[in-house]
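S.K.: Below you'll find work.pdb; it's PDB, C-alpha atoms, pLDDT in the B column.
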ATOM      1  CA  MET A 497      49.181 120.010  99.021  1.00 62.00           C
ATOM      2  CA  ASN A 498      51.032 123.252  98.581  1.00 77.00           C
ATOM      3  CA  ASP A 499      50.263 124.382 102.117  1.00 75.00           C
ATOM      4  CA  ARG A 500      52.851 123.984 104.736  1.00 73.00           C
ATOM      5  CA  PHE A 501      52.110 121.549 107.528  1.00 72.00           C
ATOM      6  CA  VAL A 502      51.664 123.133 110.954  1.00 70.00           C
ATOM      7  CA  TRP A 503      51.490 121.128 114.169  1.00 76.00           C
ATOM      8  CA  ARG A 504      48.554 122.931 115.679  1.00 78.00           C
ATOM      9  CA  LYS A 505      48.071 120.568 118.609  1.00 85.00           C
ATOM     10  CA  LYS A 506      51.802 120.815 119.493  1.00 81.00           C
ATOM     11  CA  ILE A 507      51.729 124.604 119.297  1.00 78.00           C
ATOM     12  CA  GLU A 508      48.587 124.743 121.471  1.00 81.00           C
ATOM     13  CA  HIS A 509      50.223 122.409 123.981  1.00 86.00           C
ATOM     14  CA  ASP A 510      53.434 124.498 124.064  1.00 82.00           C
ATOM     15  CA  ILE A 511      51.433 127.703 124.585  1.00 81.00           C
ATOM     16  CA  THR A 512      49.552 126.134 127.493  1.00 85.00           C
ATOM     17  CA  GLN A 513      52.959 125.174 128.933  1.00 86.00           C
ATOM     18  CA  GLY A 514      53.974 128.816 128.938  1.00 81.00           C
ATOM     19  CA  LEU A 515      56.061 129.301 125.794  1.00 79.00           C
ATOM     20  CA  PRO A 516      55.713 132.771 124.266  1.00 78.00           C
ATOM     21  CA  LEU A 517      53.880 133.198 120.971  1.00 72.00           C
ATOM     22  CA  ASP A 518      57.016 134.690 119.411  1.00 74.00           C
ATOM     23  CA  GLU A 519      58.441 131.163 119.233  1.00 75.00           C
ATOM     24  CA  PHE A 520      55.815 130.144 116.704  1.00 73.00           C
ATOM     25  CA  SER A 521      55.933 133.109 114.365  1.00 76.00           C
ATOM     26  CA  VAL A 522      57.039 132.893 110.725  1.00 76.00           C
ATOM     27  CA  LYS A 523      60.047 135.022 111.595  1.00 82.00           C
ATOM     28  CA  ALA A 524      61.146 132.599 114.320  1.00 82.00           C
ATOM     29  CA  GLU A 525      60.621 129.651 111.984  1.00 82.00           C
ATOM     30  CA  LYS A 526      62.789 131.315 109.310  1.00 88.00           C
ATOM     31  CA  LYS A 527      65.460 131.981 111.920  1.00 90.00           C
ATOM     32  CA  ARG A 528      65.432 128.305 112.953  1.00 88.00           C
ATOM     33  CA  GLN A 529      65.598 127.330 109.277  1.00 91.00           C
ATOM     34  CA  ARG A 530      68.660 129.585 108.752  1.00 95.00           C
ATOM     35  CA  GLU A 531      70.327 128.061 111.813  1.00 95.00           C
ATOM     36  CA  ARG A 532      69.676 124.550 110.488  1.00 95.00           C
ATOM     37  CA  MET A 533      71.089 125.537 107.083  1.00 96.00           C
ATOM     38  CA  ALA A 534      74.152 127.087 108.758  1.00 97.00           C
ATOM     39  CA  GLU A 535      74.643 123.831 110.678  1.00 97.00           C
ATOM     40  CA  VAL A 536      74.352 121.846 107.449  1.00 97.00           C
ATOM     41  CA  GLU A 537      76.961 124.122 105.824  1.00 97.00           C
ATOM     42  CA  LYS A 538      79.293 123.629 108.797  1.00 97.00           C
ATOM     43  CA  VAL A 539      78.939 119.871 108.491  1.00 97.00           C
ATOM     44  CA  LYS A 540      79.648 120.038 104.739  1.00 97.00           C
ATOM     45  CA  LYS A 541      82.690 122.220 105.376  1.00 97.00           C
ATOM     46  CA  ARG A 542      84.021 119.823 108.045  1.00 97.00           C
ATOM     47  CA  ARG A 543      83.483 116.885 105.684  1.00 97.00           C
ATOM     48  CA  GLU A 544      85.443 118.674 102.933  1.00 97.00           C
ATOM     49  CA  GLU A 545      88.232 119.523 105.394  1.00 97.00           C
ATOM     50  CA  ARG A 546      88.403 115.885 106.500  1.00 97.00           C
ATOM     51  CA  ALA A 547      88.562 114.767 102.869  1.00 97.00           C
ATOM     52  CA  LEU A 548      91.391 117.244 102.187  1.00 97.00           C
ATOM     53  CA  GLU A 549      93.230 116.131 105.316  1.00 97.00           C
ATOM     54  CA  LYS A 550      92.812 112.495 104.314  1.00 97.00           C
ATOM     55  CA  ALA A 551      94.142 113.249 100.812  1.00 97.00           C
ATOM     56  CA  ARG A 552      97.119 115.116 102.319  1.00 97.00           C
ATOM     57  CA  HIS A 553      97.795 112.216 104.666  1.00 97.00           C
ATOM     58  CA  GLU A 554      97.631 109.692 101.821  1.00 97.00           C
ATOM     59  CA  GLU A 555      99.995 111.864  99.771  1.00 97.00           C
ATOM     60  CA  GLU A 556     102.442 112.020 102.699  1.00 97.00           C
ATOM     61  CA  MET A 557     102.259 108.254 103.135  1.00 97.00           C
ATOM     62  CA  ALA A 558     102.906 107.736  99.421  1.00 96.00           C
ATOM     63  CA  LEU A 559     105.875 110.123  99.603  1.00 96.00           C
ATOM     64  CA  LEU A 560     107.277 108.246 102.605  1.00 96.00           C
ATOM     65  CA  ALA A 561     106.824 104.949 100.785  1.00 96.00           C
ATOM     66  CA  ARG A 562     108.660 106.321  97.741  1.00 96.00           C
ATOM     67  CA  GLU A 563     111.498 107.609  99.946  1.00 95.00           C
ATOM     68  CA  ARG A 564     111.714 104.260 101.721  1.00 95.00           C
ATOM     69  CA  ALA A 565     111.817 102.439  98.373  1.00 94.00           C
ATOM     70  CA  ARG A 566     114.479 104.854  97.105  1.00 94.00           C
ATOM     71  CA  ALA A 567     116.584 104.239 100.231  1.00 92.00           C
ATOM     72  CA  GLU A 568     116.206 100.482  99.838  1.00 93.00           C
ATOM     73  CA  PHE A 569     117.203 100.751  96.187  1.00 93.00           C
ATOM     74  CA  GLN A 570     120.267 102.816  97.068  1.00 91.00           C
ATOM     75  CA  ASP A 571     121.212 100.277  99.717  1.00 91.00           C
ATOM     76  CA  TRP A 572     120.757  97.465  97.213  1.00 92.00           C
ATOM     77  CA  GLU A 573     122.761  99.394  94.614  1.00 90.00           C
ATOM     78  CA  LYS A 574     125.594  99.950  97.107  1.00 88.00           C
ATOM     79  CA  LYS A 575     125.630  96.251  97.998  1.00 91.00           C
ATOM     80  CA  GLU A 576     125.736  95.375  94.315  1.00 92.00           C
ATOM     81  CA  GLU A 577     128.694  97.725  93.758  1.00 88.00           C
ATOM     82  CA  GLU A 578     130.493  96.178  96.732  1.00 89.00           C
ATOM     83  CA  PHE A 579     129.799  92.706  95.355  1.00 92.00           C
ATOM     84  CA  HIS A 580     131.262  93.638  91.975  1.00 90.00           C
ATOM     85  CA  PHE A 581     134.270  95.187  93.707  1.00 88.00           C
ATOM     86  CA  ASP A 582     134.840  92.017  95.736  1.00 90.00           C
ATOM     87  CA  GLN A 583     134.477  89.949  92.577  1.00 92.00           C
ATOM     88  CA  SER A 584     137.080  92.118  90.827  1.00 89.00           C
ATOM     89  CA  LYS A 585     139.493  91.365  93.695  1.00 87.00           C
ATOM     90  CA  VAL A 586     138.841  87.640  93.305  1.00 90.00           C
ATOM     91  CA  ARG A 587     139.349  87.821  89.524  1.00 90.00           C
ATOM     92  CA  SER A 588     142.586  89.731  90.071  1.00 87.00           C
ATOM     93  CA  GLU A 589     143.908  87.049  92.433  1.00 87.00           C
ATOM     94  CA  ILE A 590     142.968  84.317  89.975  1.00 90.00           C
ATOM     95  CA  ARG A 591     144.739  86.120  87.128  1.00 88.00           C
ATOM     96  CA  LEU A 592     147.835  86.614  89.312  1.00 84.00           C
ATOM     97  CA  ARG A 593     147.841  82.962  90.335  1.00 86.00           C
ATOM     98  CA  GLU A 594     147.508  81.790  86.744  1.00 86.00           C
ATOM     99  CA  GLY A 595     150.096  84.234  85.375  1.00 84.00           C
ATOM    100  CA  ARG A 596     147.625  86.210  83.233  1.00 86.00           C
ATOM    101  CA  THR A 597     148.151  89.568  84.935  1.00 83.00           C
ATOM    102  CA  LYS A 598     146.512  92.768  83.842  1.00 86.00           C
ATOM    103  CA  PRO A 599     147.845  96.232  84.688  1.00 84.00           C
ATOM    104  CA  ILE A 600     145.278  96.694  87.471  1.00 86.00           C
ATOM    105  CA  ASP A 601     146.475  93.433  89.070  1.00 84.00           C
ATOM    106  CA  VAL A 602     150.013  94.813  89.239  1.00 82.00           C
ATOM    107  CA  LEU A 603     148.727  98.033  90.856  1.00 82.00           C
ATOM    108  CA  ILE A 604     146.679  96.093  93.408  1.00 82.00           C
ATOM    109  CA  LYS A 605     149.684  93.873  94.172  1.00 81.00           C
ATOM    110  CA  HIS A 606     151.873  96.929  94.672  1.00 77.00           C
ATOM    111  CA  LEU A 607     149.296  98.339  97.117  1.00 75.00           C
ATOM    112  CA  ASP A 608     149.149  95.111  99.104  1.00 72.00           C
ATOM    113  CA  PRO A 609     152.538  93.356  98.870  1.00 62.00           C
ATOM    114  CA  SER A 610     151.545  90.641 101.358  1.00 63.00           C
ATOM    115  CA  HIS A 611     150.354  88.424  98.503  1.00 56.00           C
ATOM    116  CA  GLU A 612     152.563  85.491  97.637  1.00 56.00           C
ATOM    117  CA  PHE A 613     152.617  86.220  93.901  1.00 53.00           C
ATOM    118  CA  ASP A 614     155.871  86.874  92.030  1.00 54.00           C
ATOM    119  CA  ILE A 615     155.383  90.331  90.592  1.00 55.00           C
ATOM    120  CA  GLU A 616     158.123  92.859  90.989  1.00 58.00           C
ATOM    121  CA  ILE A 617     157.594  96.459  90.067  1.00 58.00           C
ATOM    122  CA  ASN A 618     159.517  99.349  91.519  1.00 61.00           C
ATOM    123  CA  GLU A 619     157.273 102.152  90.363  1.00 68.00           C
ATOM    124  CA  PRO A 620     153.520 101.628  89.806  1.00 65.00           C
ATOM    125  CA  TYR A 621     153.363 104.187  86.993  1.00 68.00           C
ATOM    126  CA  MET A 622     155.554 101.899  84.840  1.00 73.00           C
ATOM    127  CA  VAL A 623     152.430  99.823  84.289  1.00 75.00           C
ATOM    128  CA  PHE A 624     151.203 102.524  81.890  1.00 76.00           C
ATOM    129  CA  LYS A 625     154.061 102.001  79.434  1.00 79.00           C
ATOM    130  CA  GLY A 626     153.245 100.011  76.331  1.00 80.00           C
ATOM    131  CA  LEU A 627     149.460  99.917  76.794  1.00 83.00           C
ATOM    132  CA  ASN A 628     147.204 100.451  73.795  1.00 86.00           C
ATOM    133  CA  VAL A 629     144.137 102.704  73.923  1.00 85.00           C
ATOM    134  CA  ASN A 630     141.679  99.932  74.845  1.00 88.00           C
ATOM    135  CA  GLU A 631     143.913  98.704  77.657  1.00 86.00           C
ATOM    136  CA  MET A 632     144.308 102.291  78.910  1.00 85.00           C
ATOM    137  CA  GLU A 633     140.531 102.790  78.932  1.00 87.00           C
ATOM    138  CA  GLU A 634     140.019  99.507  80.774  1.00 88.00           C
ATOM    139  CA  LEU A 635     142.700 100.434  83.307  1.00 87.00           C
ATOM    140  CA  HIS A 636     141.157 103.860  83.753  1.00 87.00           C
ATOM    141  CA  GLU A 637     137.756 102.272  84.500  1.00 88.00           C
ATOM    142  CA  ASP A 638     139.373  99.884  86.985  1.00 88.00           C
ATOM    143  CA  ILE A 639     141.201 102.729  88.731  1.00 86.00           C
ATOM    144  CA  LYS A 640     137.957 104.753  88.939  1.00 86.00           C
ATOM    145  CA  MET A 641     136.164 101.755  90.450  1.00 86.00           C
ATOM    146  CA  HIS A 642     138.911 101.292  93.043  1.00 85.00           C
ATOM    147  CA  LEU A 643     138.932 105.022  93.756  1.00 83.00           C
ATOM    148  CA  ASP A 644     135.179 104.926  94.393  1.00 84.00           C
ATOM    149  CA  LEU A 645     135.015 101.691  96.347  1.00 83.00           C
ATOM    150  CA  ASP A 646     138.409 100.928  97.913  1.00 80.00           C
ATOM    151  CA  SER A 647     138.242 103.131 100.994  1.00 77.00           C
ATOM    152  CA  GLU A 648     139.532 100.580 103.483  1.00 76.00           C
ATOM    153  CA  THR A 649     142.257 102.958 104.678  1.00 79.00           C
ATOM    154  CA  SER A 650     143.288 106.507 103.856  1.00 82.00           C
ATOM    155  CA  THR A 651     146.490 105.127 102.315  1.00 81.00           C
ATOM    156  CA  ARG A 652     144.469 103.143  99.795  1.00 82.00           C
ATOM    157  CA  VAL A 653     142.381 106.184  98.895  1.00 83.00           C
ATOM    158  CA  GLN A 654     145.511 108.308  98.446  1.00 84.00           C
ATOM    159  CA  TYR A 655     147.119 105.588  96.319  1.00 82.00           C
ATOM    160  CA  TRP A 656     144.196 105.498  93.877  1.00 83.00           C
ATOM    161  CA  GLU A 657     143.931 109.300  93.867  1.00 83.00           C
ATOM    162  CA  VAL A 658     147.617 109.587  92.941  1.00 81.00           C
ATOM    163  CA  LEU A 659     147.275 107.005  90.151  1.00 77.00           C
ATOM    164  CA  SER A 660     144.255 108.668  88.594  1.00 75.00           C
ATOM    165  CA  PRO A 661     146.149 111.788  87.366  1.00 70.00           C
ATOM    166  CA  LEU A 662     149.021 109.576  86.204  1.00 59.00           C
ATOM    167  CA  PHE A 663     146.573 107.850  83.948  1.00 53.00           C
ATOM    168  CA  THR A 664     145.425 111.095  82.348  1.00 55.00           C
ATOM    169  CA  CYS A 665     149.066 112.086  81.840  1.00 52.00           C
ATOM    170  CA  ALA A 666     149.906 108.756  80.221  1.00 49.00           C
ATOM    171  CA  VAL A 667     147.174 109.113  77.606  1.00 47.00           C
TER     172      VAL A 667
END
As structure tokens, what does this structure read like?

M.R.:
Amino acid sequence: MNDRFVWRKKIEHDITQGLPLDEFSVKAEKKRQRERMAEVEKVKKRREERALEKARHEEEMALLARERARAEFQDWEKKEEEFHFDQSKVRSEIRLREGRTKPIDVLIKHLDPSHEFDIEINEPYMVFKGLNVNEMEELHEDIKMHLDLDSETSTRVQYWEVLSPLFTCAV
């Protein structure tokens, strides 16, 4: 059982066909064995390379999915900010209509005098006079929101930029 199997009939047939005896030597058999082992190693190496490439590809796909989700989230976040901004405009109009004005309402009215509400103010900075700390903080937050989101025209942006330092001076 420990002896190696040799195809004697095949070897005899190959010799009668004209193959040289060197083909059937132990040395030639070892050479063929080394070649087979080298081929097996190449196949293993290619399989490992394919696995690495597949892992890299999956990692890239996951990264792209995360970036896509991040972009969607940012888009959603921007839409939410715009919604809140639009809602603040609606609340401001309601307060003006009902006569419950806040300082930010007066500033918005001054920016867009086409509204039909009866608010007269010559200088917008006068709105800062007589406000307590909580009202100043609330007004500051409203001005920051308008500075960030009200970019309809360059005039609007400049208006909110000019009011922002006035707020810090009034505190």

S.K.: Can you tell me how far atom CA of A:Asp644 sits from atom CA of A:Leu592, in Å to one decimal?

M.R.: 22.8 Å

S.K.: One decimal, in Å: what's the spacing between atom CA of A:Arg552 and atom CA of A:Lys540?

M.R.: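 We find that atom CA of A:Arg552 and atom CA of A:Lys540 lie 18.3 Å from each other.
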
S.K.: Stretch 646-648 of chain A: which residues within 12 Å, counting all atoms listed in the file, same-chain residues fewer than 5 positions away excluded, as a PyMOL selection string?

M.R.: chain A and resi 577-578+580-582+584-585+604+607-608+638-641+653-657

S.K.: Could you save those same residues with C-alpha atoms as a PDB file, in the frame of the given file?

M.R.:
ATOM      1  CA  GLU A 577     128.694  97.725  93.758  1.00 88.00           C
ATOM      2  CA  GLU A 578     130.493  96.178  96.732  1.00 89.00           C
ATOM      3  CA  HIS A 580     131.262  93.638  91.975  1.00 90.00           C
ATOM      4  CA  PHE A 581     134.270  95.187  93.707  1.00 88.00           C
ATOM      5  CA  ASP A 582     134.840  92.017  95.736  1.00 90.00           C
ATOM      6  CA  SER A 584     137.080  92.118  90.827  1.00 89.00           C
ATOM      7  CA  LYS A 585     139.493  91.365  93.695  1.00 87.00           C
ATOM      8  CA  ILE A 604     146.679  96.093  93.408  1.00 82.00           C
ATOM      9  CA  LEU A 607     149.296  98.339  97.117  1.00 75.00           C
ATOM     10  CA  ASP A 608     149.149  95.111  99.104  1.00 72.00           C
ATOM     11  CA  ASP A 638     139.373  99.884  86.985  1.00 88.00           C
ATOM     12  CA  ILE A 639     141.201 102.729  88.731  1.00 86.00           C
ATOM     13  CA  LYS A 640     137.957 104.753  88.939  1.00 86.00           C
ATOM     14  CA  MET A 641     136.164 101.755  90.450  1.00 86.00           C
ATOM     15  CA  VAL A 653     142.381 106.184  98.895  1.00 83.00           C
ATOM     16  CA  GLN A 654     145.511 108.308  98.446  1.00 84.00           C
ATOM     17  CA  TYR A 655     147.119 105.588  96.319  1.00 82.00           C
ATOM     18  CA  TRP A 656     144.196 105.498  93.877  1.00 83.00           C
ATOM     19  CA  GLU A 657     143.931 109.300  93.867  1.00 83.00           C
TER      20      GLU A 657
END

S.K.: So that I can see what lies close to stretch 506-509 of chain A, please list as a list in words the residues with an atom at most 10 Å from it, counting all atoms listed in the file and leaving out residues fewer than 6 positions away in the same chain.

M.R.: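 That gives Leu515, Leu517, Glu519 and Phe520 of chain A.
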
S.K.: Which of these residues is nearest to A:Val586, using only C-alpha atoms: A:Leu548, A:Asp601, A:Pro516, A:Ala567?

M.R.: A:Asp601

S.K.: What is the atom CA of A:Ser588-atom CA of A:Gln570 distance in Å, reported with one decimal?

M.R.: 26.8 Å

S.K.: Would you compute, for all listed atoms of stretch 501-504 of chain A, the axis-aligned bounding box grown by 8 Å on each side, and then report its centre and edge lengths in Å rounded to one decimal, as lines of an AutoDock Vina configuration file?

M.R.:
center_x = 50.3
center_y = 122.1
center_z = 111.6
size_x = 19.6
size_y = 18.0
size_z = 24.2

S.K.: Which polymer residues have any atom within 12 Å of an atom of A:Glu589, counting all atoms listed in the file, with same-chain residues fewer than 4 positions away left out, as a list in words?

M.R.: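 Non-adjacent residues within range: Asp582, Gln583, Ser584, Lys585, Arg593, Glu594, Gly595, Arg596, Thr597, Lys598, Ile600, Asp601, Val602, Ile604, Lys605, Asp608, His611, Glu612, Phe613 and Asp614 of chain A.
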
S.K.: Could you turn the residues from that selection into a file that holds C-alpha atoms, as a PDB file, in the frame of the given file?

M.R.:
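For reference, selection_16.pdb as written:
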ATOM      1  CA  ASP A 582     134.840  92.017  95.736  1.00 90.00           C
ATOM      2  CA  GLN A 583     134.477  89.949  92.577  1.00 92.00           C
ATOM      3  CA  SER A 584     137.080  92.118  90.827  1.00 89.00           C
ATOM      4  CA  LYS A 585     139.493  91.365  93.695  1.00 87.00           C
ATOM      5  CA  ARG A 593     147.841  82.962  90.335  1.00 86.00           C
ATOM      6  CA  GLU A 594     147.508  81.790  86.744  1.00 86.00           C
ATOM      7  CA  GLY A 595     150.096  84.234  85.375  1.00 84.00           C
ATOM      8  CA  ARG A 596     147.625  86.210  83.233  1.00 86.00           C
ATOM      9  CA  THR A 597     148.151  89.568  84.935  1.00 83.00           C
ATOM     10  CA  LYS A 598     146.512  92.768  83.842  1.00 86.00           C
ATOM     11  CA  ILE A 600     145.278  96.694  87.471  1.00 86.00           C
ATOM     12  CA  ASP A 601     146.475  93.433  89.070  1.00 84.00           C
ATOM     13  CA  VAL A 602     150.013  94.813  89.239  1.00 82.00           C
ATOM     14  CA  ILE A 604     146.679  96.093  93.408  1.00 82.00           C
ATOM     15  CA  LYS A 605     149.684  93.873  94.172  1.00 81.00           C
ATOM     16  CA  ASP A 608     149.149  95.111  99.104  1.00 72.00           C
ATOM     17  CA  HIS A 611     150.354  88.424  98.503  1.00 56.00           C
ATOM     18  CA  GLU A 612     152.563  85.491  97.637  1.00 56.00           C
ATOM     19  CA  PHE A 613     152.617  86.220  93.901  1.00 53.00           C
ATOM     20  CA  ASP A 614     155.871  86.874  92.030  1.00 54.00           C
TER      21      ASP A 614
END

S.K.: Go through A:Asp571, A:Arg532, A:Pro661, A:Arg587 and flag the residue nearest A:Leu643, using all atoms listed in the file for the distances.

M.R.: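 Once distances to A:Leu643 are computed over all atoms listed in the file, the minimum belongs to A:Pro661.
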